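Participant: What follows is a structure written as structure tokens; I'll ask about it next.
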Amino acid sequence: MQQKILLVYTGGTIGMVKDSATGALKAFDFDHLLVQIPQLKSVQAQIDTVSVPEPKDSADMNPSDWQFLGNLIYSKFMQYDGFVVLHGTDTMSYTASALSFMFSNLRKPIIFTGSQLPVGDIRTDALENVLTAIQIALLQENGVPSVSEVGVYFDSQLFRGNRSTKVSSDRFKAFMSPNFPALVTSGVSLKINEPMLLKPNLNRVTKFSEALNDKVLLVKIHPGITTKMFEQLCASVDFEVLIMETYGSGTIFNANWLALLLKELQKKGKNIINCSQCVSGVVKQGIYQGSEQLKSLGIISAKDMTTEAAITKAMYLLGQNKQRNDFKIEFEANLRGEMH
Ligand code: ASP
């Protein structure tokens with residue numbers, strides 16, 4: 001039987017055209033995109049296409065867009081062998097991370113891709129990205145998908161979505177997966193990194209939960225941040241989870257006021273997460289004096305997660321009504337291959 005792939009268009013540079021008046025890139029309609037990729041007709045599979053009602057620059061995407069996209073895929077889940085999502089690069093890692101948590105025991109590939117240059121540009125990277133993302137979604141062994149996870153395919157590499165991060169706005173190699181190897185590498189042939197792939201339970205169905213709670217506040221720690229700034233920010237924002245982007249291995253300045261403020265927040269029932277601003281490496285609370293205080297306060301460690309994964313995992317767990325202890329236990333556990 002012929003395999004079936006659903007190609008979902010959400011927006012991004014890949015399908016944009018120049019506004020003749022301003023010269024700025026804006027989202028165009030999906031038909032334009034398909035005309036530019038005639039090779040799709042030669043793929044040995046049925047490729048159906050669907051566009052979200054209002055394709056956008058991914059900078060305009062919010063958790064409600066992730067819910068819409070997740071529901072769209074889940075409503076067609078049984079009809080297709082795999083899904084390829086065309087998405088803007090700016091927040092692609094956030095959307096891919098969010099979907100990786102919203103789908104559990106995922107048994108089919110959901111591959112995100114996009115491009116740095118619009119599909120109509122003569123030097124575009126869109127063709128290789130889209131066509132290979134489809135080939136990866138079609139990979140099967142004995143009728144079972146080889147990749148059954150949410151991935152980001154870009155410039156010859158498939159990364160686990162919740163391990164990926166955008167690192168360049170002008171190189172074709174726009175994404176990295178600093179703490180986890182590529183799942184598939186594309187050259188003349190596709191090389192699958194089989195031992196690294198997630199293995200779903202084939203006796204259980206895939207589940208989808210759209211519940212997300214976006215009351216998550218991210219604060220990047222920097223030299224010069226003051227008590228006042230921190231206090232005022234925490235007092236004025238309605239949040240349930242505070243993610244502090246700390247230095248190196250999870251270090252932060254050693255200040256009494258910070259310990260007092262964090263204790264106060266904990267008393268109010270807030271969850272506080274320590275996530276490093278380094279792209280690679282692991283949060284190890286307690287190896288320096290500056291992180292010892294965080295450890296003794298019971299601050300939650302994001303370990304080697306990307307900030308994108310930490311934010312979306314926090315939204316997902318809050319959405320599942322996980323409070324205090326349960327939140328900490330589940331956040332520090334490996335749910336979808338997002339941490340070691
Ligand atoms: N601003 C665009 C977006 O994220 C960039 C891109 O697609 O590459 O939608």
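If you're wondering about the labels, chains in the structure tokens are A, B, ... by order shown, residues count from 1 in each chain, ligands from 1 in order shown.
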Please identify every polymer residue within 12 Å of ligand 1, using only C-alpha atoms and all ligand atoms, and present the set as number ranges by chain.

Facilitator: A: 9-17, 24-28, 55-61, 86-95, 112-119, 124-126, 154, 166-175

Participant: What's the 10 Å shell around Val152 of chain A, counting only C-alpha atoms, without same-chain residues fewer than 4 positions away, as a PDB file with C-alpha atoms, in the first residue's frame?

Facilitator:
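Final file, around30.pdb:
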ATOM      1  CA  VAL A  84       6.133  17.100   8.016  1.00  0.00           C
ATOM      2  CA  VAL A  85       5.584  20.567   9.439  1.00  0.00           C
ATOM      3  CA  THR A  89      12.978  28.856  12.104  1.00  0.00           C
ATOM      4  CA  MET A  92      10.758  26.070  15.562  1.00  0.00           C
ATOM      5  CA  SER A  93      12.600  24.507  18.513  1.00  0.00           C
ATOM      6  CA  ALA A  96       8.894  21.051  18.342  1.00  0.00           C
ATOM      7  CA  SER A  97       9.699  20.818  22.075  1.00  0.00           C
ATOM      8  CA  ILE A 110       6.507  14.531  13.210  1.00  0.00           C
ATOM      9  CA  ILE A 111       9.348  16.276  11.393  1.00  0.00           C
ATOM     10  CA  PHE A 112       9.724  20.059  11.472  1.00  0.00           C
ATOM     11  CA  THR A 113      11.624  21.912   8.797  1.00  0.00           C
ATOM     12  CA  GLY A 114      11.809  25.316   7.145  1.00  0.00           C
ATOM     13  CA  ALA A 133      12.326  15.723   5.779  1.00  0.00           C
ATOM     14  CA  GLN A 157      20.772  16.676  10.041  1.00  0.00           C
ATOM     15  CA  LEU A 158      17.743  15.460  11.932  1.00  0.00           C
ATOM     16  CA  PHE A 159      17.806  16.460  15.577  1.00  0.00           C
ATOM     17  CA  ARG A 160      15.486  15.455  18.388  1.00  0.00           C
ATOM     18  CA  GLY A 161      13.134  18.455  18.525  1.00  0.00           C
ATOM     19  CA  ASN A 162      13.435  18.999  22.270  1.00  0.00           C
ATOM     20  CA  ARG A 163      17.253  18.876  22.013  1.00  0.00           C
ATOM     21  CA  SER A 164      17.460  21.406  19.184  1.00  0.00           C
ATOM     22  CA  THR A 165      18.111  25.123  19.343  1.00  0.00           C
ATOM     23  CA  PHE A 175      20.245  24.573  14.310  1.00  0.00           C
ATOM     24  CA  MET A 176      22.331  22.603  16.731  1.00  0.00           C
ATOM     25  CA  SER A 177      21.667  19.832  19.215  1.00  0.00           C
ATOM     26  CA  ALA A 182      21.973  13.863  15.403  1.00  0.00           C
ATOM     27  CA  LEU A 183      19.348  11.153  14.848  1.00  0.00           C
TER      28      LEU A 183
END

Participant: Which residue is closest to Asn274 of chain A? Choose from A:Lys207, A:Lys108, A:Lys322, A:Lys328 and count only C-alpha atoms.

Facilitator: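 Residue with the minimum atom-to-atom distance to Asn274 of chain A: A:Lys328.
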
Participant: Identify, on the basis of only C-alpha atoms, every residue whose closest approach to Ile311 of chain A does not exceed 8 Å; exclude the query and any residue fewer than 2 positions from it along the same chain; express the result as number ranges by chain.

Facilitator: A: 216, 218, 243, 307-309, 313-315

Participant: Restricted to N, CA, C and O atoms, what would the selected residues look like written as a PDB file, in the first residue's frame?

Facilitator:
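Saved as again34.pdb:
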ATOM      1  N   VAL A 216       4.733  30.838  32.900  1.00  0.00           N
ATOM      2  CA  VAL A 216       6.148  30.527  33.091  1.00  0.00           C
ATOM      3  C   VAL A 216       6.951  31.792  32.800  1.00  0.00           C
ATOM      4  O   VAL A 216       6.768  32.416  31.751  1.00  0.00           O
ATOM      5  N   LEU A 218      10.722  33.525  32.428  1.00  0.00           N
ATOM      6  CA  LEU A 218      12.159  33.244  32.236  1.00  0.00           C
ATOM      7  C   LEU A 218      12.956  34.501  32.549  1.00  0.00           C
ATOM      8  O   LEU A 218      12.672  35.570  32.012  1.00  0.00           O
ATOM      9  N   ILE A 243      11.904  30.360  35.697  1.00  0.00           N
ATOM     10  CA  ILE A 243      13.120  29.695  35.208  1.00  0.00           C
ATOM     11  C   ILE A 243      14.237  30.730  35.240  1.00  0.00           C
ATOM     12  O   ILE A 243      14.124  31.791  34.614  1.00  0.00           O
ATOM     13  N   THR A 307      16.853  25.654  26.870  1.00  0.00           N
ATOM     14  CA  THR A 307      15.877  26.567  27.483  1.00  0.00           C
ATOM     15  C   THR A 307      14.504  26.355  26.835  1.00  0.00           C
ATOM     16  O   THR A 307      13.469  26.409  27.513  1.00  0.00           O
ATOM     17  N   GLU A 308      14.486  26.080  25.536  1.00  0.00           N
ATOM     18  CA  GLU A 308      13.223  25.850  24.831  1.00  0.00           C
ATOM     19  C   GLU A 308      12.489  24.653  25.444  1.00  0.00           C
ATOM     20  O   GLU A 308      11.269  24.687  25.658  1.00  0.00           O
ATOM     21  N   ALA A 309      13.248  23.587  25.716  1.00  0.00           N
ATOM     22  CA  ALA A 309      12.625  22.392  26.295  1.00  0.00           C
ATOM     23  C   ALA A 309      12.180  22.684  27.725  1.00  0.00           C
ATOM     24  O   ALA A 309      11.099  22.242  28.146  1.00  0.00           O
ATOM     25  N   LYS A 313       8.380  22.243  28.724  1.00  0.00           N
ATOM     26  CA  LYS A 313       8.116  21.150  29.680  1.00  0.00           C
ATOM     27  C   LYS A 313       7.403  21.716  30.906  1.00  0.00           C
ATOM     28  O   LYS A 313       6.466  21.100  31.433  1.00  0.00           O
ATOM     29  N   ALA A 314       7.836  22.903  31.349  1.00  0.00           N
ATOM     30  CA  ALA A 314       7.177  23.541  32.499  1.00  0.00           C
ATOM     31  C   ALA A 314       5.714  23.836  32.155  1.00  0.00           C
ATOM     32  O   ALA A 314       4.809  23.576  32.962  1.00  0.00           O
ATOM     33  N   MET A 315       5.449  24.359  30.966  1.00  0.00           N
ATOM     34  CA  MET A 315       4.058  24.656  30.567  1.00  0.00           C
ATOM     35  C   MET A 315       3.225  23.376  30.502  1.00  0.00           C
ATOM     36  O   MET A 315       2.058  23.356  30.891  1.00  0.00           O
TER      37      MET A 315
END

Participant: Taking 6 positions as the minimum chain separation for residues in the same chain, which residues sit within 9 Å of segment 258-267 of chain A when counting only C-alpha atoms? Answer as a compact mmCIF listing (two decimals) with all heavy atoms, in the first residue's frame.

Facilitator:
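Output saved as out_20.txt:
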# COMPACT_ATOMS: atom_id res chain seq x y z
N THR A 227 18.65 43.57 43.25
CA THR A 227 17.55 43.09 44.08
C THR A 227 16.25 43.68 43.59
O THR A 227 15.24 42.99 43.45
CB THR A 227 17.70 43.61 45.55
OG1 THR A 227 19.05 43.80 45.83
CG2 THR A 227 17.02 42.73 46.53
N PHE A 230 14.87 42.33 40.26
CA PHE A 230 14.36 40.97 40.45
C PHE A 230 13.05 40.99 41.24
O PHE A 230 12.06 40.35 40.86
CB PHE A 230 15.41 40.15 41.22
CG PHE A 230 15.52 38.73 40.77
CD1 PHE A 230 16.58 38.30 40.01
CD2 PHE A 230 14.55 37.81 41.12
CE1 PHE A 230 16.68 36.98 39.60
CE2 PHE A 230 14.64 36.49 40.71
CZ PHE A 230 15.70 36.08 39.95
N GLU A 231 13.06 41.74 42.34
CA GLU A 231 11.86 41.80 43.19
C GLU A 231 10.68 42.38 42.44
O GLU A 231 9.57 41.85 42.48
CB GLU A 231 12.13 42.68 44.42
CG GLU A 231 12.75 41.91 45.56
CD GLU A 231 13.10 42.82 46.72
OE1 GLU A 231 12.83 44.04 46.66
OE2 GLU A 231 13.67 42.29 47.68
N CYS A 234 9.33 39.94 39.80
CA CYS A 234 8.57 38.82 40.40
C CYS A 234 7.26 39.30 41.01
O CYS A 234 6.27 38.56 41.04
CB CYS A 234 9.41 38.10 41.46
SG CYS A 234 10.80 37.23 40.74
N GLN A 293 23.80 27.33 47.33
CA GLN A 293 22.58 27.86 47.97
C GLN A 293 21.32 27.44 47.22
O GLN A 293 20.28 27.18 47.81
CB GLN A 293 22.64 29.39 48.10
CG GLN A 293 22.78 30.14 46.80
CD GLN A 293 22.58 31.66 46.95
OE1 GLN A 293 22.20 32.14 47.99
NE2 GLN A 293 22.86 32.39 45.89
N LEU A 294 21.42 27.32 45.88
CA LEU A 294 20.25 26.89 45.11
C LEU A 294 19.90 25.44 45.44
O LEU A 294 18.75 25.08 45.60
CB LEU A 294 20.52 27.04 43.61
CG LEU A 294 20.84 28.45 43.11
CD1 LEU A 294 21.05 28.45 41.60
CD2 LEU A 294 19.71 29.42 43.47
N LEU A 297 18.23 25.10 48.73
CA LEU A 297 16.84 25.59 48.70
C LEU A 297 15.90 24.61 47.96
O LEU A 297 14.70 24.80 47.92
CB LEU A 297 16.77 26.95 47.99
CG LEU A 297 17.30 28.16 48.77
CD1 LEU A 297 17.36 29.38 47.85
CD2 LEU A 297 16.40 28.45 49.95
N ILE A 299 16.05 24.04 44.69
CA ILE A 299 15.71 24.57 43.36
C ILE A 299 15.79 23.42 42.34
O ILE A 299 16.67 22.56 42.41
CB ILE A 299 16.69 25.71 42.98
CG1 ILE A 299 16.63 26.85 44.01
CG2 ILE A 299 16.46 26.21 41.56
CD1 ILE A 299 15.30 27.53 44.17
N ARG A 324 4.15 21.55 43.12
CA ARG A 324 5.32 21.40 43.98
C ARG A 324 6.13 20.11 43.81
O ARG A 324 6.87 20.00 42.85
CB ARG A 324 4.93 21.60 45.45
CG ARG A 324 4.40 23.00 45.74
CD ARG A 324 5.37 24.08 45.29
NE ARG A 324 6.65 24.01 45.93
CZ ARG A 324 6.97 24.64 47.05
NH1 ARG A 324 6.08 25.38 47.65
NH2 ARG A 324 8.17 24.55 47.55

Participant: Nearest residue to Leu335 of chain A out of A:Ile134, A:Val8, A:Met102, A:Ala211, using only C-alpha atoms?

Facilitator: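 Smallest separation from Leu335 of chain A among the options: A:Met102.
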
Participant: Write out as a ChimeraX atom specification each polymer residue whose atoms come within 8 Å of segment 45-53 of chain A, counting only C-alpha atoms; drop sequence neighbours fewer than 2 positions from it.

Facilitator: /A:2-10,30,40,43,55,69

Participant: Would you save the residues from that selection as an mmCIF file, in the first residue's frame, using N, CA, C and O atoms?

Facilitator:
data_model
loop_
_atom_site.group_PDB
_atom_site.id
_atom_site.type_symbol
_atom_site.label_atom_id
_atom_site.label_comp_id
_atom_site.auth_asym_id
_atom_site.auth_seq_id
_atom_site.Cartn_x
_atom_site.Cartn_y
_atom_site.Cartn_z
ATOM 1 N N GLN A 2 0.419 2.274 -0.731
ATOM 2 C CA GLN A 2 1.238 3.487 -0.813
ATOM 3 C C GLN A 2 1.251 4.240 0.533
ATOM 4 O O GLN A 2 0.218 4.375 1.187
ATOM 5 N N GLN A 3 2.447 4.704 0.930
ATOM 6 C CA GLN A 3 2.535 5.457 2.183
ATOM 7 C C GLN A 3 1.945 6.858 2.012
ATOM 8 O O GLN A 3 1.929 7.403 0.909
ATOM 9 N N LYS A 4 1.509 7.402 3.132
ATOM 10 C CA LYS A 4 0.883 8.738 3.077
ATOM 11 C C LYS A 4 1.546 9.691 4.071
ATOM 12 O O LYS A 4 1.732 9.340 5.231
ATOM 13 N N ILE A 5 1.848 10.882 3.589
ATOM 14 C CA ILE A 5 2.451 11.908 4.444
ATOM 15 C C ILE A 5 1.558 13.145 4.409
ATOM 16 O O ILE A 5 1.064 13.538 3.343
ATOM 17 N N LEU A 6 1.387 13.753 5.572
ATOM 18 C CA LEU A 6 0.673 15.039 5.589
ATOM 19 C C LEU A 6 1.701 16.157 5.772
ATOM 20 O O LEU A 6 2.482 16.165 6.731
ATOM 21 N N LEU A 7 1.695 17.082 4.812
ATOM 22 C CA LEU A 7 2.602 18.231 4.853
ATOM 23 C C LEU A 7 1.798 19.419 5.391
ATOM 24 O O LEU A 7 0.822 19.841 4.781
ATOM 25 N N VAL A 8 2.219 19.911 6.535
ATOM 26 C CA VAL A 8 1.454 20.981 7.198
ATOM 27 C C VAL A 8 2.228 22.290 7.095
ATOM 28 O O VAL A 8 3.401 22.369 7.495
ATOM 29 N N TYR A 9 1.596 23.313 6.593
ATOM 30 C CA TYR A 9 2.259 24.610 6.437
ATOM 31 C C TYR A 9 1.798 25.576 7.519
ATOM 32 O O TYR A 9 0.603 25.819 7.690
ATOM 33 N N THR A 10 2.763 26.110 8.280
ATOM 34 C CA THR A 10 2.397 27.049 9.350
ATOM 35 C C THR A 10 2.929 28.468 9.106
ATOM 36 O O THR A 10 2.559 29.391 9.808
ATOM 37 N N PHE A 30 -0.058 28.889 0.534
ATOM 38 C CA PHE A 30 0.589 27.590 0.404
ATOM 39 C C PHE A 30 0.720 27.129 -1.045
ATOM 40 O O PHE A 30 1.687 26.463 -1.409
ATOM 41 N N LEU A 40 7.905 17.392 -5.503
ATOM 42 C CA LEU A 40 6.999 16.680 -4.600
ATOM 43 C C LEU A 40 6.187 15.629 -5.352
ATOM 44 O O LEU A 40 5.842 14.593 -4.802
ATOM 45 N N VAL A 43 7.837 12.137 -5.507
ATOM 46 C CA VAL A 43 8.049 11.339 -4.293
ATOM 47 C C VAL A 43 7.133 10.109 -4.343
ATOM 48 O O VAL A 43 5.965 10.205 -4.705
ATOM 49 N N PRO A 55 -1.102 31.487 8.044
ATOM 50 C CA PRO A 55 0.332 31.210 8.202
ATOM 51 C C PRO A 55 1.037 32.447 8.750
ATOM 52 O O PRO A 55 0.696 33.576 8.390
ATOM 53 N N LEU A 69 -1.910 23.213 16.274
ATOM 54 C CA LEU A 69 -1.116 22.312 15.436
ATOM 55 C C LEU A 69 -1.180 20.877 15.966
ATOM 56 O O LEU A 69 -1.372 19.928 15.197
#

Participant: Any chance you could list, as an NGL selection string, the residues in segment 43-282 of chain A that come up helix (DSSP H, G or I) when DSSP is run on the backbone?

Facilitator: :A and (58-60 or 63-75 or 77-79 or 92-102 or 126-138 or 161-163 or 194-196 or 227-236 or 256-267)

Participant: So, counting only C-alpha atoms, which residue among A:Leu242, A:Ile136, A:Ala302, A:Ile272 is closest to Tyr153 of chain A?

Facilitator: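 Checking each of A:Leu242, A:Ile136, A:Ala302, A:Ile272 against Tyr153 of chain A, counting only C-alpha atoms, the winner is A:Ile136.
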
Participant: Running DSSP on the backbone, which parts of segment 69-261 of chain A land in strand (DSSP E or B), as a PyMOL selection string?

Facilitator: chain A and resi 82-86+103-104+110-113+140-141+144-145+150-154+157-160+165-166+175-176+184-186+190-192+207-208+216-220+241-247+251

Participant: Restrict the selected residues to N, CA and C atoms and save them as a short mmCIF file (atom, residue, chain, number, x, y, z; two decimals), in the first residue's frame.

Facilitator:
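As written to disk, part_0.cif reads:
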data_model
loop_
_atom_site.label_atom_id
_atom_site.label_comp_id
_atom_site.auth_asym_id
_atom_site.auth_seq_id
_atom_site.Cartn_x
_atom_site.Cartn_y
_atom_site.Cartn_z
N GLY A 82 3.16 9.65 8.47
CA GLY A 82 4.05 10.62 9.09
C GLY A 82 3.63 12.03 8.75
N PHE A 83 4.21 13.00 9.49
CA PHE A 83 3.83 14.40 9.35
C PHE A 83 5.08 15.25 9.16
N VAL A 84 5.02 16.16 8.20
CA VAL A 84 6.13 17.10 8.02
C VAL A 84 5.55 18.50 8.19
N VAL A 85 6.12 19.24 9.12
CA VAL A 85 5.58 20.57 9.44
C VAL A 85 6.54 21.64 8.93
N LEU A 86 6.05 22.50 8.06
CA LEU A 86 6.86 23.62 7.56
C LEU A 86 6.62 24.80 8.50
N PHE A 103 2.52 15.01 22.92
CA PHE A 103 2.28 13.65 22.42
C PHE A 103 3.06 12.67 23.30
N SER A 104 2.38 11.66 23.83
CA SER A 104 3.14 10.64 24.57
C SER A 104 3.03 9.31 23.84
N ILE A 110 6.98 13.15 13.43
CA ILE A 110 6.51 14.53 13.21
C ILE A 110 7.79 15.34 12.99
N ILE A 111 8.06 15.65 11.73
CA ILE A 111 9.35 16.28 11.39
C ILE A 111 9.13 17.75 11.03
N PHE A 112 9.80 18.62 11.76
CA PHE A 112 9.72 20.06 11.47
C PHE A 112 10.86 20.44 10.53
N THR A 113 10.55 21.32 9.59
CA THR A 113 11.62 21.91 8.80
C THR A 113 11.17 23.28 8.29
N GLN A 140 10.82 3.34 7.03
CA GLN A 140 10.14 2.32 7.83
C GLN A 140 10.95 1.04 7.83
N GLU A 141 10.76 0.24 8.85
CA GLU A 141 11.33 -1.11 8.85
C GLU A 141 10.22 -2.07 9.25
N VAL A 144 7.06 -0.50 10.34
CA VAL A 144 7.08 0.35 11.54
C VAL A 144 7.98 1.56 11.25
N PRO A 145 7.50 2.79 11.55
CA PRO A 145 8.34 3.97 11.26
C PRO A 145 9.69 3.88 11.97
N VAL A 150 9.36 13.59 17.61
CA VAL A 150 9.29 14.94 17.02
C VAL A 150 10.71 15.38 16.72
N GLY A 151 11.00 15.65 15.45
CA GLY A 151 12.36 16.02 15.06
C GLY A 151 12.40 17.36 14.35
N VAL A 152 13.62 17.91 14.29
CA VAL A 152 13.85 19.12 13.50
C VAL A 152 14.90 18.75 12.46
N TYR A 153 14.51 18.82 11.17
CA TYR A 153 15.47 18.51 10.11
C TYR A 153 15.94 19.80 9.47
N PHE A 154 17.24 20.00 9.43
CA PHE A 154 17.77 21.23 8.84
C PHE A 154 19.21 20.99 8.40
N GLN A 157 20.83 17.41 8.78
CA GLN A 157 20.77 16.68 10.04
C GLN A 157 19.37 16.68 10.66
N LEU A 158 18.99 15.52 11.16
CA LEU A 158 17.74 15.46 11.93
C LEU A 158 18.11 15.44 13.41
N PHE A 159 17.57 16.41 14.13
CA PHE A 159 17.81 16.46 15.58
C PHE A 159 16.52 16.10 16.31
N ARG A 160 16.68 15.59 17.53
CA ARG A 160 15.49 15.45 18.39
C ARG A 160 14.98 16.87 18.64
N THR A 165 18.19 23.69 19.06
CA THR A 165 18.11 25.12 19.34
C THR A 165 18.61 25.89 18.13
N LYS A 166 18.00 27.03 17.85
CA LYS A 166 18.45 27.83 16.70
C LYS A 166 19.69 28.60 17.11
N PHE A 175 20.57 25.26 13.05
CA PHE A 175 20.24 24.57 14.31
C PHE A 175 21.40 23.72 14.81
N MET A 176 21.37 23.51 16.10
CA MET A 176 22.33 22.60 16.73
C MET A 176 21.58 21.75 17.75
N VAL A 184 19.56 11.45 12.46
CA VAL A 184 19.76 11.02 11.07
C VAL A 184 20.67 12.04 10.41
N THR A 185 21.62 11.56 9.60
CA THR A 185 22.47 12.47 8.85
C THR A 185 22.28 12.17 7.38
N SER A 186 22.08 13.23 6.60
CA SER A 186 21.80 13.04 5.18
C SER A 186 23.04 13.34 4.34
N LEU A 190 20.84 8.17 3.64
CA LEU A 190 20.44 8.64 4.97
C LEU A 190 21.03 7.70 6.02
N LYS A 191 21.83 8.27 6.92
CA LYS A 191 22.43 7.42 7.96
C LYS A 191 21.63 7.59 9.25
N ILE A 192 21.01 6.50 9.69
CA ILE A 192 20.18 6.56 10.90
C ILE A 192 21.01 6.18 12.12
N LYS A 207 -0.87 9.00 22.73
CA LYS A 207 -1.85 9.88 23.37
C LYS A 207 -1.46 11.34 23.13
N PHE A 208 -2.47 12.20 23.18
CA PHE A 208 -2.21 13.63 22.98
C PHE A 208 -2.92 14.41 24.07
N VAL A 216 4.73 30.84 32.90
CA VAL A 216 6.15 30.53 33.09
C VAL A 216 6.95 31.79 32.80
N LEU A 217 7.79 32.17 33.75
CA LEU A 217 8.59 33.40 33.59
C LEU A 217 10.07 33.02 33.48
N LEU A 218 10.72 33.52 32.43
CA LEU A 218 12.16 33.24 32.24
C LEU A 218 12.96 34.50 32.55
N VAL A 219 13.96 34.37 33.42
CA VAL A 219 14.82 35.51 33.73
C VAL A 219 16.26 35.12 33.44
N LYS A 220 16.90 35.90 32.57
CA LYS A 220 18.31 35.62 32.28
C LYS A 220 19.16 36.38 33.30
N VAL A 241 5.79 29.34 37.50
CA VAL A 241 7.14 28.76 37.42
C VAL A 241 8.11 29.88 37.03
N LEU A 242 9.22 29.96 37.77
CA LEU A 242 10.28 30.90 37.41
C LEU A 242 11.47 30.08 36.93
N ILE A 243 11.90 30.36 35.70
CA ILE A 243 13.12 29.70 35.21
C ILE A 243 14.24 30.73 35.24
N MET A 244 15.28 30.43 35.99
CA MET A 244 16.43 31.34 36.00
C MET A 244 17.48 30.77 35.05
N GLU A 245 17.87 31.58 34.08
CA GLU A 245 18.95 31.15 33.18
C GLU A 245 20.25 31.58 33.83
N THR A 246 20.93 30.63 34.43
CA THR A 246 22.12 30.92 35.23
C THR A 246 23.39 30.77 34.40
N TYR A 247 24.53 30.97 35.04
CA TYR A 247 25.81 30.83 34.33
C TYR A 247 26.27 29.37 34.31
N THR A 251 25.54 28.16 38.01
CA THR A 251 26.03 29.04 39.07
C THR A 251 25.30 30.38 39.04
#

Participant: Show which residues sit within 12 Å of Gly250 of chain A, as a PDB file with C-alpha atoms, in the first residue's frame. Count only C-alpha atoms, and ignore same-chain residues fewer than 4 positions away.

Facilitator:
ATOM      1  CA  LYS A 220      18.312  35.624  32.282  1.00  0.00           C
ATOM      2  CA  ILE A 221      20.794  36.249  35.083  1.00  0.00           C
ATOM      3  CA  ILE A 243      13.120  29.695  35.208  1.00  0.00           C
ATOM      4  CA  MET A 244      16.431  31.336  36.004  1.00  0.00           C
ATOM      5  CA  GLU A 245      18.952  31.150  33.182  1.00  0.00           C
ATOM      6  CA  THR A 246      22.121  30.924  35.231  1.00  0.00           C
ATOM      7  CA  ILE A 273      14.084  26.093  37.919  1.00  0.00           C
ATOM      8  CA  ASN A 274      17.819  26.456  37.336  1.00  0.00           C
ATOM      9  CA  CYS A 275      18.631  26.266  33.606  1.00  0.00           C
ATOM     10  CA  SER A 276      22.060  27.162  32.224  1.00  0.00           C
ATOM     11  CA  GLN A 277      22.566  29.887  29.617  1.00  0.00           C
ATOM     12  CA  CYS A 278      25.423  27.775  28.175  1.00  0.00           C
ATOM     13  CA  SER A 280      26.138  22.740  26.067  1.00  0.00           C
ATOM     14  CA  GLY A 281      26.855  21.051  29.379  1.00  0.00           C
ATOM     15  CA  VAL A 282      24.848  20.172  32.463  1.00  0.00           C
ATOM     16  CA  VAL A 283      23.526  22.059  35.491  1.00  0.00           C
ATOM     17  CA  LYS A 284      25.304  20.648  38.550  1.00  0.00           C
ATOM     18  CA  GLN A 285      24.056  22.478  41.606  1.00  0.00           C
ATOM     19  CA  GLY A 286      26.487  22.450  44.484  1.00  0.00           C
ATOM     20  CA  ILE A 287      29.851  22.337  42.751  1.00  0.00           C
ATOM     21  CA  TYR A 288      30.377  26.074  43.340  1.00  0.00           C
ATOM     22  CA  GLN A 289      29.376  28.163  46.342  1.00  0.00           C
ATOM     23  CA  GLY A 290      27.075  30.168  44.079  1.00  0.00           C
ATOM     24  CA  SER A 291      24.955  27.152  43.233  1.00  0.00           C
ATOM     25  CA  GLU A 292      25.238  25.485  46.642  1.00  0.00           C
ATOM     26  CA  GLN A 293      22.581  27.865  47.971  1.00  0.00           C
ATOM     27  CA  LEU A 294      20.247  26.891  45.107  1.00  0.00           C
ATOM     28  CA  LYS A 295      20.746  23.225  45.893  1.00  0.00           C
ATOM     29  CA  ILE A 299      15.706  24.569  43.356  1.00  0.00           C
ATOM     30  CA  ILE A 300      14.773  22.329  40.413  1.00  0.00           C
ATOM     31  CA  SER A 301      17.587  21.428  38.013  1.00  0.00           C
ATOM     32  CA  ALA A 302      17.034  21.584  34.259  1.00  0.00           C
ATOM     33  CA  LYS A 303      20.186  19.422  33.926  1.00  0.00           C
ATOM     34  CA  ASP A 304      21.247  19.414  30.250  1.00  0.00           C
ATOM     35  CA  MET A 305      17.962  20.633  28.779  1.00  0.00           C
TER      36      MET A 305
END

Participant: Counting only C-alpha atoms, figure out which residue out of A:Ser42, A:Ile252, A:Phe77, A:Ser296 gets nearest to Ile225 of chain A.

Facilitator: A:Ile252

Participant: Considering only C-alpha atoms, return as a list in words whatever protein or nucleic-acid residues lie within 9 Å of Gln36 of chain A, sequence-local ones (same chain, fewer than 4 positions apart) excluded.

Facilitator: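 These residues fall inside the cut-off: Asp31, His32, Val119, Gly120 and Leu127 of chain A.
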
Participant: Convert the current residue selection to file output with C-alpha atoms, as a CSV table (one decimal), in the first residue's frame.

Facilitator:
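This is the output file part-v1.csv:
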chain,number,residue,atom,x,y,z
A,31,ASP,CA,-0.2,27.1,-3.3
A,32,HIS,CA,2.7,29.4,-4.1
A,119,VAL,CA,11.5,28.7,-1.6
A,120,GLY,CA,11.5,31.0,-4.7
A,127,LEU,CA,14.1,22.1,-1.5
